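Below is one structure, written out as structure tokens, with a few remarks after it.
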Amino acid sequence: MNNKNPIIVANDLTIAYELHRERKKLVALQDISLEVAPGEFVVLVGPSGCGKTSFINAISGLVPKASGSVTVRGQEVTGPGPDRAMVFQDYALLPWRTVESNVRMPFEFQDLGISDDEKARRVKECLSLVDLTGFEKSFPYELSGGMKQRVGIARALITHPDILLADEPFAAIDAMTREAMQAEMERIVMETGQTCVFITHSIDEAILLGDRVVVISYRPGKVKEIVNVNFPRPRMSNSEVKTSKEYAQLRDHIWNLVKDEASQTNRGE
Ligand SMILES: Nc1ncnc2c1ncn2[C@@H]1O[C@H](COP(=O)(O)OP(=O)(O)OP(=O)(O)O)[C@@H](O)[C@H]1O
Ligand SMILES: [Mg+2]
């Protein structure tokens, strides 16, 4: 990529896990190099176990690297920070807390130096951004899957992070709600100008949301190919995108790349 000031830079990043029982290391990702520009939406696809979650965990500072580097705004990542927020696949809401109280959680872990009034304003703002105004006092069990995921997104947005890291956030959601959530995600990212690194197993989701789709190869994960997606935004509300010839070609291309890699997973180690 030609951008001079990328916000995230992974340089020959390798991540390995100690397998204590077997007394060996498992190399999950090997020599990954990737630059992400501010405001860019990058989607990671690849077979199960290729290291996608490991990669965004390294950006968020949740797993240590074995070698290479990952920097955010030029600073080596050494741990989590309010500039990077995660949206989890399984919502990760606390069931005994209300919507409002779940959304406020990041304030309890990070001192952002903001006043109580500002905190309250942000809770209101973020709930409105995900269309959940009026559900402040509801508990997670009273919400649908799509609503729970929107609480997870509101919680991720509360610190006004520059970077949103999303790990298959819509995997457990039905097809109709999923489309609505994709549109919501596109709108929010367009509105806030955030940089997003997003993992999915859906090629359609990858093409509809991504500026670039990074295909990761089977373990140890490496960048197999980076595919540019140039459809204008908003894409979700534009029915011409999905029915275009370019879309079908892109879909086939990415599908073949992923299929090649997925077949490796069945060949044993
Ligand atoms: N904490 C851990 N300890 C040991 N091995 C791990 C750990 N986390 C992940 N791994 C291994 O690293 C590899 C990559 O895992 P990762 O979760 O990053 O893959 P993924 O691409 O996100 O897969 P999926 O699509 O199934 O979510 C896998 O072989 C996994 O078993
Ligand atoms: Mg994963």
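Letters A, B, ... go to the chains of the structure tokens in the order shown; residues in each chain start at 1; ligands are counted from 1 in the same order.
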
Using DSSP on the backbone coordinates, identify all residues within segment 82-190 of chain A classified as helix (DSSP H, G or I); present the result as a PyMOL selection string. chain A and resi 99-109+116-129+140-142+145-157+175-190

Set out as JSON lines a contact list for chain A and ligand 1 with a cut-off of 6 Å, giving each residue of chain A that qualifies its closest atom pair and distance in Å to one decimal, counting only C-alpha atoms and all ligand atoms, ordered by chain and rising residue number.
{"residue": "A:Tyr17", "atom": "CA", "partner": "ligand 1", "partner_atom_place_in_ligand_line": "4 (C)", "distance": 4.8}
{"residue": "A:Ala28", "atom": "CA", "partner": "ligand 1", "partner_atom_place_in_ligand_line": "13 (C)", "distance": 4.5}
{"residue": "A:Pro47", "atom": "CA", "partner": "ligand 1", "partner_atom_place_in_ligand_line": "25 (O)", "distance": 5.9}
{"residue": "A:Ser48", "atom": "CA", "partner": "ligand 1", "partner_atom_place_in_ligand_line": "25 (O)", "distance": 3.5}
{"residue": "A:Gly49", "atom": "CA", "partner": "ligand 1", "partner_atom_place_in_ligand_line": "19 (O)", "distance": 3.5}
{"residue": "A:Cys50", "atom": "CA", "partner": "ligand 1", "partner_atom_place_in_ligand_line": "21 (O)", "distance": 3.9}
{"residue": "A:Gly51", "atom": "CA", "partner": "ligand 1", "partner_atom_place_in_ligand_line": "18 (O)", "distance": 3.2}
{"residue": "A:Lys52", "atom": "CA", "partner": "ligand 1", "partner_atom_place_in_ligand_line": "21 (O)", "distance": 3.8}
{"residue": "A:Thr53", "atom": "CA", "partner": "ligand 1", "partner_atom_place_in_ligand_line": "22 (O)", "distance": 3.7}
{"residue": "A:Ser54", "atom": "CA", "partner": "ligand 1", "partner_atom_place_in_ligand_line": "18 (O)", "distance": 3.7}

Export of the given selection (N, CA and C atoms) as a PDB file, in the first residue's frame:
ATOM      1  N   TYR A  17       2.576 -19.945  20.138  1.00  0.00           N
ATOM      2  CA  TYR A  17       2.059 -20.311  21.457  1.00  0.00           C
ATOM      3  C   TYR A  17       2.857 -21.489  21.998  1.00  0.00           C
ATOM      4  N   ALA A  28       1.485 -19.761  15.056  1.00  0.00           N
ATOM      5  CA  ALA A  28       0.147 -19.461  14.540  1.00  0.00           C
ATOM      6  C   ALA A  28       0.234 -18.537  13.327  1.00  0.00           C
ATOM      7  N   PRO A  47      -8.874 -19.798   6.421  1.00  0.00           N
ATOM      8  CA  PRO A  47      -9.450 -20.983   7.064  1.00  0.00           C
ATOM      9  C   PRO A  47      -9.351 -20.934   8.582  1.00  0.00           C
ATOM     10  N   SER A  48     -10.194 -21.723   9.224  1.00  0.00           N
ATOM     11  CA  SER A  48     -10.191 -21.796  10.678  1.00  0.00           C
ATOM     12  C   SER A  48      -8.809 -22.206  11.171  1.00  0.00           C
ATOM     13  N   GLY A  49      -8.301 -21.503  12.150  1.00  0.00           N
ATOM     14  CA  GLY A  49      -7.004 -21.845  12.729  1.00  0.00           C
ATOM     15  C   GLY A  49      -5.815 -21.195  12.037  1.00  0.00           C
ATOM     16  N   CYS A  50      -6.078 -20.292  11.073  1.00  0.00           N
ATOM     17  CA  CYS A  50      -4.946 -19.704  10.328  1.00  0.00           C
ATOM     18  C   CYS A  50      -4.321 -18.526  11.076  1.00  0.00           C
ATOM     19  N   GLY A  51      -4.941 -18.090  12.164  1.00  0.00           N
ATOM     20  CA  GLY A  51      -4.298 -17.053  12.976  1.00  0.00           C
ATOM     21  C   GLY A  51      -4.946 -15.680  12.909  1.00  0.00           C
ATOM     22  N   LYS A  52      -6.179 -15.597  12.422  1.00  0.00           N
ATOM     23  CA  LYS A  52      -6.833 -14.288  12.293  1.00  0.00           C
ATOM     24  C   LYS A  52      -7.053 -13.639  13.666  1.00  0.00           C
ATOM     25  N   THR A  53      -7.615 -14.428  14.595  1.00  0.00           N
ATOM     26  CA  THR A  53      -7.856 -13.886  15.940  1.00  0.00           C
ATOM     27  C   THR A  53      -6.522 -13.524  16.594  1.00  0.00           C
ATOM     28  N   SER A  54      -5.516 -14.379  16.394  1.00  0.00           N
ATOM     29  CA  SER A  54      -4.197 -14.085  16.966  1.00  0.00           C
ATOM     30  C   SER A  54      -3.697 -12.737  16.462  1.00  0.00           C
TER      31      SER A  54
END

Under the rule that only C-alpha atoms and all ligand atoms are counted, which of A:Pro232, A:Gly68, A:Gly46, A:Gly79 is the nearest residue to ligand 2?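 Checking each candidate against ligand 2, we get A:Gly46 as the closest.
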
Excluding same-chain residues fewer than 6 positions from Arg235 of chain A, what lies within 10 Å of it counting only C-alpha atoms, as a list in words? Gln182, Ala183, Glu186, Arg187, Ile207, Leu208, Leu209, Val241 and Lys242 of chain A

Output the selection as a compact mmCIF listing (two decimals), in the first residue's frame - N, CA, C and O atoms for each residue.
# COMPACT_ATOMS: atom_id res chain seq x y z
N GLN A 182 -24.55 -5.25 9.19
CA GLN A 182 -23.47 -4.85 8.27
C GLN A 182 -23.67 -3.40 7.83
O GLN A 182 -22.73 -2.61 7.79
N ALA A 183 -24.95 -3.07 7.52
CA ALA A 183 -25.24 -1.70 7.10
C ALA A 183 -24.92 -0.73 8.23
O ALA A 183 -24.36 0.36 8.02
N GLU A 186 -21.19 -0.30 8.56
CA GLU A 186 -20.68 0.57 7.49
C GLU A 186 -20.99 2.03 7.81
O GLU A 186 -20.13 2.90 7.70
N ARG A 187 -22.23 2.26 8.27
CA ARG A 187 -22.63 3.64 8.58
C ARG A 187 -21.80 4.21 9.72
O ARG A 187 -21.28 5.33 9.63
N ILE A 207 -16.48 -8.50 1.12
CA ILE A 207 -16.49 -7.60 -0.04
C ILE A 207 -17.37 -6.38 0.22
O ILE A 207 -17.05 -5.27 -0.17
N LEU A 208 -18.48 -6.60 0.95
CA LEU A 208 -19.39 -5.48 1.17
C LEU A 208 -18.81 -4.47 2.15
O LEU A 208 -19.08 -3.27 2.07
N LEU A 209 -17.99 -4.94 3.09
CA LEU A 209 -17.48 -4.01 4.10
C LEU A 209 -16.05 -3.52 3.83
O LEU A 209 -15.69 -2.41 4.21
N VAL A 241 -24.41 -3.01 -6.44
CA VAL A 241 -23.10 -3.57 -6.11
C VAL A 241 -23.14 -5.09 -6.18
O VAL A 241 -22.37 -5.72 -6.90
N LYS A 242 -24.10 -5.67 -5.48
CA LYS A 242 -24.16 -7.13 -5.36
C LYS A 242 -24.50 -7.83 -6.67
O LYS A 242 -24.18 -9.00 -6.86

Considering only C-alpha atoms and all ligand atoms, can you say which of A:Pro169, A:Pro161, A:Gly61, A:Pro140 comes closest to ligand 2?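 For ligand 2, the nearest of the given residues is A:Pro169.
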